[in-house]
Amino acid sequence: MNTGTGSLVIRIGIALLFIWGGLEKFIEGFLGGVGLQNMADFLKQSGLAFLGDTGTYALGAILALFELIAGILILVNKQTVYAYAFLAFIMLMALVLVHIPSGNWMNIMIHIALTTTLAGLALNEKNKAAL
């Protein structure tokens with residue numbers, strides 16, 4: 001087995017996680033999806049109420065769309081530096097704004113692992129591109 005096979009498996013796993021995450025934010029009930037309105041309500045409760053109803057709804061839609069697009073880009077192996085970096089940032093924000101304040105240690109640890117893994121993958125891709 002060559003080293004590319006391991007990278008492919010990681011890329012597929014990460015891609016599917018975020019494609020699913022993007023879709024479930026758009027489609028309430030789809031694979032456990034919360035839907036955009038619930039996402040907007042959650043963003044309001046997470047300290048972003050100053051954006052108003054329209055602002056939090058728009059932000060939820062943008063985040064869902066970008067999460068979906070980033071997952072697709074990773075799956076097709078295009079613009080992976082930017083996709084991994086964007087998702088690392090999103091996971092960091094979820095960690096800081098949602099999971100640390102909740103005190104749910106399992107979610108905190110999962111988001112620390114995701115943030116650092118995605119940041120590491122982004123750095124690896126950047127270094128590969130520089131060669």
# chains A, B, ... in the order shown; residues from 1 in each chain; ligands from 1
call {"tool": "residues_around", "arguments": {"residues": "segment 72-80 of chain A", "least_positions_apart": "3", "cutoff": "6 Å", "atoms": "only C-alpha atoms", "output": "list in words"}}
result
Ile12, Ala15, Ile69, Ala83 and Tyr84 of chain A
call {"tool": "write_last_selection", "arguments": {"atoms": "all heavy atoms", "output": "tab-separated table (two decimals), in the first residue's frame"}}
result
chain	number	residue	atom	x	y	z
A	12	ILE	N	-11.47	11.12	2.31
A	12	ILE	CA	-12.85	10.68	2.14
A	12	ILE	C	-13.61	10.81	3.46
A	12	ILE	O	-14.74	11.31	3.50
A	12	ILE	CB	-12.91	9.25	1.59
A	12	ILE	CG1	-12.45	9.22	0.13
A	12	ILE	CG2	-14.32	8.68	1.72
A	12	ILE	CD1	-12.25	7.84	-0.44
A	15	ALA	N	-14.15	14.51	4.27
A	15	ALA	CA	-15.09	15.08	3.30
A	15	ALA	C	-16.52	14.67	3.61
A	15	ALA	O	-17.42	15.52	3.64
A	15	ALA	CB	-14.70	14.64	1.88
A	69	ILE	N	-19.47	22.93	0.62
A	69	ILE	CA	-18.51	23.14	-0.47
A	69	ILE	C	-17.12	22.67	-0.07
A	69	ILE	O	-16.43	22.01	-0.86
A	69	ILE	CB	-18.49	24.62	-0.90
A	69	ILE	CG1	-19.80	24.98	-1.61
A	69	ILE	CG2	-17.29	24.92	-1.80
A	69	ILE	CD1	-19.99	26.46	-1.86
A	83	ALA	N	-9.83	24.60	1.89
A	83	ALA	CA	-10.94	23.85	2.48
A	83	ALA	C	-10.58	23.38	3.89
A	83	ALA	O	-11.37	23.56	4.82
A	83	ALA	CB	-11.32	22.67	1.59
A	84	TYR	N	-9.40	22.79	4.06
A	84	TYR	CA	-8.99	22.33	5.38
A	84	TYR	C	-8.85	23.51	6.34
A	84	TYR	O	-9.27	23.43	7.50
A	84	TYR	CB	-7.66	21.58	5.32
A	84	TYR	CG	-7.73	20.18	4.76
A	84	TYR	CD1	-6.81	19.75	3.81
A	84	TYR	CD2	-8.68	19.26	5.21
A	84	TYR	CE1	-6.84	18.46	3.31
A	84	TYR	CE2	-8.72	17.97	4.71
A	84	TYR	CZ	-7.80	17.58	3.76
A	84	TYR	OH	-7.83	16.29	3.27
call {"tool": "residues_around", "arguments": {"residues": "Lys126 of chain A", "least_positions_apart": "3", "cutoff": "6 Å", "atoms": "only C-alpha atoms", "output": "PyMOL selection string"}}
result
chain A and resi 81+123+129
call {"tool": "write_last_selection", "arguments": {"atoms": "C-alpha atoms", "output": "PDB file, in the first residue's frame"}}
result
ATOM      1  CA  VAL A  81      -5.418  23.966   1.589  1.00  0.00           C
ATOM      2  CA  LEU A 123      -0.303  22.847   6.625  1.00  0.00           C
ATOM      3  CA  ALA A 129       2.187  22.849  -2.903  1.00  0.00           C
TER       4      ALA A 129
END
call {"tool": "residues_around", "arguments": {"residues": "Gly13 of chain A", "least_positions_apart": "3", "cutoff": "12 Å", "atoms": "only C-alpha atoms", "output": "short mmCIF file (atom, residue, chain, number, x, y, z; two decimals) with N, CA, C and O atoms, in the first residue's frame"}}
result
data_model
loop_
_atom_site.label_atom_id
_atom_site.label_comp_id
_atom_site.auth_asym_id
_atom_site.auth_seq_id
_atom_site.Cartn_x
_atom_site.Cartn_y
_atom_site.Cartn_z
N GLY A 6 -3.51 6.01 2.27
CA GLY A 6 -3.87 6.51 3.60
C GLY A 6 -4.43 7.91 3.52
O GLY A 6 -5.44 8.22 4.18
N SER A 7 -3.82 8.75 2.71
CA SER A 7 -4.32 10.12 2.54
C SER A 7 -5.70 10.13 1.92
O SER A 7 -6.55 10.94 2.31
N LEU A 8 -5.93 9.23 0.99
CA LEU A 8 -7.25 9.13 0.34
C LEU A 8 -8.32 8.75 1.36
O LEU A 8 -9.41 9.34 1.39
N VAL A 9 -8.02 7.78 2.20
CA VAL A 9 -8.98 7.34 3.22
C VAL A 9 -9.30 8.49 4.18
O VAL A 9 -10.47 8.74 4.50
N ILE A 10 -8.29 9.22 4.62
CA ILE A 10 -8.49 10.38 5.51
C ILE A 10 -9.33 11.43 4.80
O ILE A 10 -10.28 11.98 5.38
N LEU A 16 -16.73 13.39 3.86
CA LEU A 16 -18.09 12.92 4.14
C LEU A 16 -18.64 13.53 5.42
O LEU A 16 -19.82 13.87 5.49
N LEU A 17 -17.80 13.70 6.43
CA LEU A 17 -18.22 14.32 7.68
C LEU A 17 -18.78 15.73 7.43
O LEU A 17 -19.85 16.09 7.93
N PHE A 18 -18.09 16.51 6.61
CA PHE A 18 -18.50 17.90 6.41
C PHE A 18 -19.55 18.06 5.32
O PHE A 18 -20.35 18.99 5.37
N ILE A 19 -19.60 17.14 4.36
CA ILE A 19 -20.72 17.15 3.41
C ILE A 19 -22.00 16.87 4.17
O ILE A 19 -23.01 17.56 4.02
N TRP A 20 -21.96 15.86 5.02
CA TRP A 20 -23.11 15.52 5.86
C TRP A 20 -23.47 16.71 6.75
O TRP A 20 -24.63 17.11 6.85
N GLY A 71 -16.33 20.36 2.06
CA GLY A 71 -16.35 18.90 2.05
C GLY A 71 -16.24 18.35 0.63
O GLY A 71 -15.49 17.40 0.39
N ILE A 72 -16.96 18.96 -0.29
CA ILE A 72 -16.89 18.52 -1.70
C ILE A 72 -15.51 18.76 -2.28
O ILE A 72 -14.95 17.89 -2.96
N ILE A 74 -12.68 18.83 -0.71
CA ILE A 74 -11.76 17.84 -0.15
C ILE A 74 -11.98 16.48 -0.82
O ILE A 74 -11.03 15.79 -1.18
N LEU A 75 -13.23 16.12 -1.03
CA LEU A 75 -13.54 14.84 -1.67
C LEU A 75 -12.94 14.75 -3.07
O LEU A 75 -12.38 13.71 -3.44
N LEU A 114 -10.57 17.60 15.93
CA LEU A 114 -10.90 18.04 14.57
C LEU A 114 -10.15 19.30 14.19
O LEU A 114 -9.63 19.41 13.07
N LEU A 118 -7.47 19.16 11.16
CA LEU A 118 -7.72 19.96 9.96
C LEU A 118 -6.62 21.01 9.74
O LEU A 118 -6.20 21.23 8.60
#
call {"tool": "residues_around", "arguments": {"residues": "segment 87-94 of chain A", "least_positions_apart": "2", "cutoff": "6 Å", "atoms": "only C-alpha atoms", "output": "list in words"}}
result
Tyr84, Ala85, Val96, Leu97, Val98, Thr115, Leu118 and Ala119 of chain A
call {"tool": "residues_around", "arguments": {"residues": "Val34 of chain A", "least_positions_apart": "2", "cutoff": "6 Å", "atoms": "only C-alpha atoms", "output": "PDB file with N, CA and C atoms, in the first residue's frame"}}
result
ATOM      1  N   LYS A  25     -27.522  20.844   8.020  1.00  0.00           N
ATOM      2  CA  LYS A  25     -27.877  22.209   8.420  1.00  0.00           C
ATOM      3  C   LYS A  25     -28.910  22.811   7.462  1.00  0.00           C
ATOM      4  N   GLU A  28     -33.776  20.047   7.492  1.00  0.00           N
ATOM      5  CA  GLU A  28     -34.218  19.585   8.807  1.00  0.00           C
ATOM      6  C   GLU A  28     -34.709  18.135   8.717  1.00  0.00           C
ATOM      7  N   ASN A  38     -33.400  26.277  12.878  1.00  0.00           N
ATOM      8  CA  ASN A  38     -32.821  25.840  14.155  1.00  0.00           C
ATOM      9  C   ASN A  38     -31.364  26.266  14.267  1.00  0.00           C
TER      10      ASN A  38
END
call {"tool": "atom_distance", "arguments": {"atom1": "atom CA of Gly21 of chain A", "atom2": "atom CA of Gly4 of chain A"}}
result
25.5 Å
call {"tool": "closest_residue", "arguments": {"among": "A:Gly33, A:Ile110, A:Phe26, A:Tyr82", "to": "Tyr57 of chain A", "atoms": "only C-alpha atoms"}}
result
A:Phe26
call {"tool": "atom_distance", "arguments": {"atom1": "atom CA of Phe42 of chain A", "atom2": "atom CA of Ala122 of chain A"}}
result
28.2 Å
call {"tool": "atom_distance", "arguments": {"atom1": "atom CA of Ile112 of chain A", "atom2": "atom CA of Ile14 of chain A"}}
result
14.7 Å
call {"tool": "residues_around", "arguments": {"residues": "Ser46 of chain A", "least_positions_apart": "2", "cutoff": "12 Å", "atoms": "only C-alpha atoms", "output": "PyMOL selection string"}}
result
chain A and resi 39-44+48-51+56+93-102
call {"tool": "select_by_dssp", "arguments": {"residues": "segment 11-60 of chain A", "states": "alpha helix (DSSP H)", "output": "VMD selection string"}}
result
chain A and resid 11 to 26 35 to 43 52 to 60
call {"tool": "decode", "arguments": {"residues": "segment 51-89 of chain A", "atoms": "C-alpha atoms", "output": "short mmCIF file (atom, residue, chain, number, x, y, z; two decimals), in the first residue's frame"}}
result
data_model
loop_
_atom_site.label_atom_id
_atom_site.label_comp_id
_atom_site.auth_asym_id
_atom_site.auth_seq_id
_atom_site.Cartn_x
_atom_site.Cartn_y
_atom_site.Cartn_z
CA LEU A 51 -27.06 39.99 14.05
CA GLY A 52 -30.85 39.80 14.31
CA ASP A 53 -33.12 37.12 12.84
CA THR A 54 -32.13 37.76 9.23
CA GLY A 55 -28.43 37.98 10.05
CA THR A 56 -28.27 34.73 12.00
CA TYR A 57 -30.33 32.95 9.32
CA ALA A 58 -27.99 34.26 6.60
CA LEU A 59 -24.91 33.33 8.63
CA GLY A 60 -26.30 29.82 9.20
CA ALA A 61 -26.93 29.43 5.47
CA ILE A 62 -23.45 30.70 4.59
CA LEU A 63 -21.78 28.41 7.12
CA ALA A 64 -23.79 25.41 5.91
CA LEU A 65 -23.01 26.19 2.27
CA PHE A 66 -19.29 26.70 2.89
CA GLU A 67 -19.11 23.54 5.02
CA LEU A 68 -20.76 21.60 2.19
CA ILE A 69 -18.51 23.14 -0.47
CA ALA A 70 -15.37 22.56 1.60
CA GLY A 71 -16.35 18.90 2.05
CA ILE A 72 -16.89 18.52 -1.70
CA LEU A 73 -13.57 20.22 -2.49
CA ILE A 74 -11.76 17.84 -0.15
CA LEU A 75 -13.54 14.84 -1.67
CA VAL A 76 -12.50 15.82 -5.21
CA ASN A 77 -9.02 16.89 -4.03
CA LYS A 78 -9.29 20.52 -5.18
CA GLN A 79 -8.30 23.66 -3.23
CA THR A 80 -7.67 21.46 -0.21
CA VAL A 81 -5.42 23.97 1.59
CA TYR A 82 -8.28 26.46 1.74
CA ALA A 83 -10.94 23.85 2.48
CA TYR A 84 -8.99 22.33 5.38
CA ALA A 85 -8.05 25.77 6.75
CA PHE A 86 -11.65 27.01 6.57
CA LEU A 87 -12.96 23.91 8.33
CA ALA A 88 -10.24 24.19 11.01
CA PHE A 89 -11.39 27.76 11.66
#
